[in-house]
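**Q** Just dropping this structure here.
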Amino acid sequence: MKETEVGTSKAPEGESSDAELATEWQSIDWHEVERQVGRLQAKISKAVSEGRMNDAMRFSHLLTLSFSAKALAVKTVSENKGAMTPGVDGVIWTTDAQKMRAVKSLDSKTYKSKPLRRVEIPKKNGKMRPLGIPTMQDRAMQTLHLLALDPICEAQSDPFSYGFRKGRSAHDACERLFKAFTGSHRDDWALEGDIRGCFDNISHEWLMENIPMNKRVLKQFLKAGFVQEGALFPTEDGTPQGGAISPTLANMTLNGMHGLLQEHFEGRTKVTVVRYADDFVVTTKTRDDAEEAMAVLVPFLAERGLELSKEKTVITHISDGFDFLGFNFRRYDNDKLLIKPSKKAFDHIREKVREIVLGRGKAATQASIIVQLNSVVRGWCNYYRNVVSYGTFKALHDYIYHVLERWAQRRHSRRHRIWYLRRYWHRKGKRNWEFSCVVERDGKRIDYELFSPKQMRIRRHRLVRCDMNPYLDLDYFEKRRKGATLRS
């Protein structure tokens with residue numbers, strides 16, 4: 001019987017039946033599981049912060065052996081967005097019995113990884129990015145060891161590293177850059193760093209020597225290989241993109257950049273390194289300092305099997321502006337620094353809107369188009385609501401209106417413009433010309449109304465404190481999550 005099938009066959013002697021396994025899974029107290037895992041994670045992070053690495057490794061070992069961590073790992077991979085995407089073995093976990101059986105099978109001593117299923121996904125620039133899809137068993141094992149590794153990473157992370165970390169975001173990176181380029185001791189130059197194929201080229205030897213986790217398990221993750229078009233290929237370098245543990249491994253590989261530059265420039269000048277995963281910006285006062293910083297980072301990266309892209313790594317004066325994480329940073333003639341959505345980001349959302357309305361939406365209903373546009377446009381505006389975006393939001397609002405008018409004109413080419421405008425645009429409260437409709441379903445009237453970017457309020461983001469640890473300073477991050485106003 002395949003593991004993805006639901007069966008009621010009699011279990012082998014000495015093994016629990018599917019019904020018993022399902023009952024055992026359903027009886028798990030998830031609140032207690034999270035409490036037990038969180039308690040050990042706090043101990044790990046505190047031990048690392050205090051320099052007690054032996055204690056941290058002991059707590060990590062206990063965590064990866066605990067039932068709570070194994071159950072939480074299986075629950076995570078079986079309920080996330082990729083839960084229905086199988087690896088090379090075609091197995092997914094859909095039943096409670098399968099999940100409980102998976103918990104009992106997570107054993108670091110006997111673990112052997114399977115190759116990744118390699119697929120190609122499109123990038124924004126039109127090129128294809130390779131993505132490795134591990135099996136469910138491999139995903140669960142990676143998630144299990146990530147539960148122990150991430151607290152170590154948090155305690156050792158650079159202060160201005162914001163990518164793939166709990167309680168931190170791209171908006172924190174933007175706010176930190178804003179502080180670096182403003183004030184009485186502001187910087188004027190930016191080194192825009194681009195690491196060539198970071199995830200694909202990290203040295204396995206460096207990872208094996210420097211990542212504090214079970215070396216046998218780590219080797220299984222790194223040397224799993226991948227299957228593409230029926231052929232098996234080995235992996236000699238890099239971490240598997242698509243693996244749960246890969247972002248943390250990349251963060252730990254790049255940690256130390258800030259300290260290295262601070263030590264190099266100590267007493268001479270101020271240098272700030274703001275990093276989001278493998279994208280980073282170094283701010284300096286002079287161009288010479290930026291060039292010197294780049295020269296210092298080259299051997300640091302080479303030791304880890306990495307190198308800077310000569311084409312994409314550039315040094316820019318802030319008055320010329322640069323893009324980072326979809327934002328444009330520039331100091332204008334009035335000596336005021338403004339952060340706005342980048343032109344590329346604006347062009348990208350316009351392409352999405354056009355595709356939804358005039359592409360696949362040619363024959364769609366008005367309600368369907370409203371639902372699709374609301375999901376995309378609202379999410380985009382939420383991302384950019386913390387910077388100087390009102391002008392961009394207004395331009396997007398106008399663009400959406402013209403695209404929708406063209407859609408209506410195509411559907412009713414023989415009608416007068418006033419006719420189809422009155423058919424699709426209505427008055428809502430005090431607002432005129434709202435793209436909306438009412439649909440009756442099961443005897444209920446459902447009102448669909450298009451979200452307008454101009455309705456989004458601009459709110460300044462509160463920068464996270466760089467000395468706060470999400471495993472130790474729980475109250476601080478809980479208050480931030482609830483939107484409390486905190487001083488950074």
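If you're wondering about the labels, chains in the structure tokens are A, B, ... by order shown, residues count from 1 in each chain, ligands from 1 in order shown.
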Determine, counting only C-alpha atoms, which protein, DNA and RNA residues have an atom within 8 Å of an atom of Pro130 of chain A; residues of the same chain fewer than 4 positions away are not included. Present the result as a ChimeraX atom specification.
**A** /A:118-121,241
**Q** Could you tell me, as a ChimeraX atom specification, which residues of segment 337-414 of chain A DSSP assigns to strand (DSSP E or B) when given the backbone?
**A** /A:337-341
**Q** Using C-alpha atoms, can you write the selected residues to a file as a short mmCIF file (atom, residue, chain, number, x, y, z; two decimals), in the first residue's frame?
**A**
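As a result, out-v7.cif now contains:
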data_model
loop_
_atom_site.label_atom_id
_atom_site.label_comp_id
_atom_site.auth_asym_id
_atom_site.auth_seq_id
_atom_site.Cartn_x
_atom_site.Cartn_y
_atom_site.Cartn_z
CA LEU A 337 16.30 61.49 1.51
CA LEU A 338 13.17 59.78 0.14
CA ILE A 339 12.42 56.08 -0.09
CA LYS A 340 9.92 55.18 -2.81
CA PRO A 341 8.79 52.05 -4.65
#
**Q** With the cut-off set at 12 Å and counting only C-alpha atoms, tabulate each residue of segment 67-148 of chain A with an atom at most that distance from an atom of segment 196-202 of chain A, showing the nearest atom pair and its distance in Å to one decimal, ordered by chain and increasing number, as a tab-separated table.
**A**
residue	atom	partner	partner_atom	distance
A:Arg129	CA	A:Gly197	CA	10.2
A:Pro130	CA	A:Asp200	CA	9.4
A:Leu131	CA	A:Asp200	CA	10.5
A:Gly132	CA	A:Asp200	CA	11.0
**Q** Fewer than 3 positions away in the same chain doesn't count, so skip those; otherwise give me all residues within 10 Å of Phe221 of chain A, counting only C-alpha atoms, as JSON, numbers by chain.
**A** {"A": [112, 113, 114, 115, 116, 134, 138, 139, 141, 142, 215, 216, 217, 218, 224, 225, 235, 239, 240, 243, 245, 246]}
**Q** Counting only C-alpha atoms, which of A:Cys174, A:Lys127, A:Thr135, A:Phe329 gets nearest to Ile92 of chain A?
**A**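 That would be A:Thr135, the residue with the smallest distance to Ile92 of chain A.
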**Q** Can you pull out every residue within 9 Å of segment 29-34 of chain A, counting only C-alpha atoms, but drop anything in the same chain fewer than 5 positions away, and send it as a ChimeraX atom specification?
**A** /A:39,67-69,71-72
**Q** Would you save the residues from that selection as a PDB file, in the first residue's frame, using C-alpha atoms?
**A**
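Okay, this is what ended up in selection_20.pdb:
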ATOM      1  CA  ARG A  39      11.847  26.335  26.363  1.00  0.00           C
ATOM      2  CA  PHE A  67       9.044  13.944  20.692  1.00  0.00           C
ATOM      3  CA  SER A  68       7.731  17.525  20.824  1.00  0.00           C
ATOM      4  CA  ALA A  69      10.237  18.799  18.248  1.00  0.00           C
ATOM      5  CA  ALA A  71       5.856  16.292  16.121  1.00  0.00           C
ATOM      6  CA  LEU A  72       6.141  20.037  15.500  1.00  0.00           C
TER       7      LEU A  72
END
**Q** What are the closest atom pairs, with distances in Å to one decimal, for all residues of segment 173-265 of chain A lying within 12 Å of segment 450-472 of chain A? Consider only C-alpha atoms, order rows by chain and residue number, and present the result as a Markdown table.
**A**
| residue | atom | partner | partner_atom | distance |
| --- | --- | --- | --- | --- |
| A:Ala173 | CA | A:Leu463 | CA | 8.4 |
| A:Cys174 | CA | A:Leu463 | CA | 9.0 |
| A:Glu175 | CA | A:Leu463 | CA | 6.1 |
| A:Arg176 | CA | A:Leu463 | CA | 7.2 |
| A:Leu177 | CA | A:Leu463 | CA | 10.6 |
| A:Phe178 | CA | A:Leu463 | CA | 10.4 |
| A:Lys179 | CA | A:Leu463 | CA | 9.9 |
**Q** Hey, what does DSSP flag as alpha helix (DSSP H) within segment 99-235 of chain A? Can you give it to me as a VMD selection string?
**A** chain A and resid 99 to 105 136 to 156 170 to 180 198 to 201 204 to 210 215 to 222
**Q** Residues near Leu149 of chain A, anyone? I mean within 12 Å using only C-alpha atoms, not counting same-chain ones fewer than 2 positions away, as a PyMOL selection string.
**A** chain A and resi 40-42+44-45+48+56-57+59-61+63-64+142-147+151-156+211-214+218+244-249+251-252
**Q** Which distance in Å separates atom CA of Ala395 of chain A and atom CA of Ala345 of chain A, to one decimal?
**A** 13.0 Å
**Q** Pick out the residues sitting within 12 Å of Phe346 of chain A, and hand them over as a PDB file with C-alpha atoms, in the first residue's frame; count only C-alpha atoms, and ignore anything fewer than 2 positions along from it in its own chain.
**A**
ATOM      1  CA  GLY A 326      12.120  46.800  -4.389  1.00  0.00           C
ATOM      2  CA  PHE A 327      12.666  50.275  -2.901  1.00  0.00           C
ATOM      3  CA  ASN A 328      14.486  53.253  -4.384  1.00  0.00           C
ATOM      4  CA  LYS A 340       9.924  55.179  -2.806  1.00  0.00           C
ATOM      5  CA  PRO A 341       8.789  52.047  -4.647  1.00  0.00           C
ATOM      6  CA  SER A 342      11.318  51.320  -7.385  1.00  0.00           C
ATOM      7  CA  LYS A 343      10.436  51.757 -11.046  1.00  0.00           C
ATOM      8  CA  LYS A 344      10.948  48.019 -11.598  1.00  0.00           C
ATOM      9  CA  HIS A 348       5.947  44.674 -12.336  1.00  0.00           C
ATOM     10  CA  ILE A 349       2.637  45.389 -10.580  1.00  0.00           C
ATOM     11  CA  ARG A 350       1.316  47.085 -13.730  1.00  0.00           C
ATOM     12  CA  GLU A 351       2.159  43.959 -15.741  1.00  0.00           C
ATOM     13  CA  LYS A 352       0.287  41.833 -13.190  1.00  0.00           C
ATOM     14  CA  VAL A 353      -2.763  44.086 -13.344  1.00  0.00           C
ATOM     15  CA  VAL A 377      -2.961  45.124  -5.404  1.00  0.00           C
ATOM     16  CA  TRP A 380       1.578  45.202  -3.084  1.00  0.00           C
ATOM     17  CA  CYS A 381       0.316  48.365  -1.377  1.00  0.00           C
ATOM     18  CA  TYR A 384       5.023  49.783   0.199  1.00  0.00           C
ATOM     19  CA  SER A 389       4.280  55.935  -1.835  1.00  0.00           C
ATOM     20  CA  GLY A 391       2.214  59.396  -5.660  1.00  0.00           C
ATOM     21  CA  THR A 392       2.899  55.828  -6.796  1.00  0.00           C
ATOM     22  CA  PHE A 393      -0.400  54.605  -5.338  1.00  0.00           C
ATOM     23  CA  LYS A 394      -2.270  57.358  -7.182  1.00  0.00           C
ATOM     24  CA  ALA A 395      -0.522  56.454 -10.452  1.00  0.00           C
ATOM     25  CA  LEU A 396      -1.427  52.790  -9.895  1.00  0.00           C
ATOM     26  CA  HIS A 397      -5.040  53.765  -9.183  1.00  0.00           C
ATOM     27  CA  TYR A 399      -3.607  52.814 -14.389  1.00  0.00           C
TER      28      TYR A 399
END
**Q** Which of these, A:Ala277, A:Ala97, A:Leu260, A:Leu474, has the shortest distance to Phe164 of chain A once you count only C-alpha atoms?
**A**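 Counting only C-alpha atoms, the residue closest to Phe164 of chain A is A:Ala277.
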**Q** With only C-alpha atoms as the counted atoms, please give the residues lying no more than 10 Å from Gly82 of chain A, apart from itself and same-chain residues fewer than 5 positions off, as a VMD selection string.
**A** chain A and resid 77 92 133 136 242
**Q** For the selection just defined, write its residues with C-alpha atoms to a file, as a CSV table (one decimal), in the first residue's frame.
**A**
chain,number,residue,atom,x,y,z
A,77,VAL,CA,5.7,20.5,6.7
A,92,ILE,CA,2.7,13.3,0.7
A,133,ILE,CA,12.0,20.0,-3.8
A,136,MET,CA,8.4,15.0,2.9
A,242,GLY,CA,13.7,24.9,-1.5
**Q** Interatomic distance between atom CA of Ile318 of chain A and atom CA of Leu191 of chain A?
**A**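 Those two atoms sit 10.3 Å apart.
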**Q** Ranking A:Leu358, A:Ala19, A:Ile195, A:Val371 by minimum distance to Leu404 of chain A and counting only C-alpha atoms, which one comes first?
**A**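 Going through A:Leu358, A:Ala19, A:Ile195, A:Val371 one by one, the smallest distance to Leu404 of chain A is for A:Leu358.
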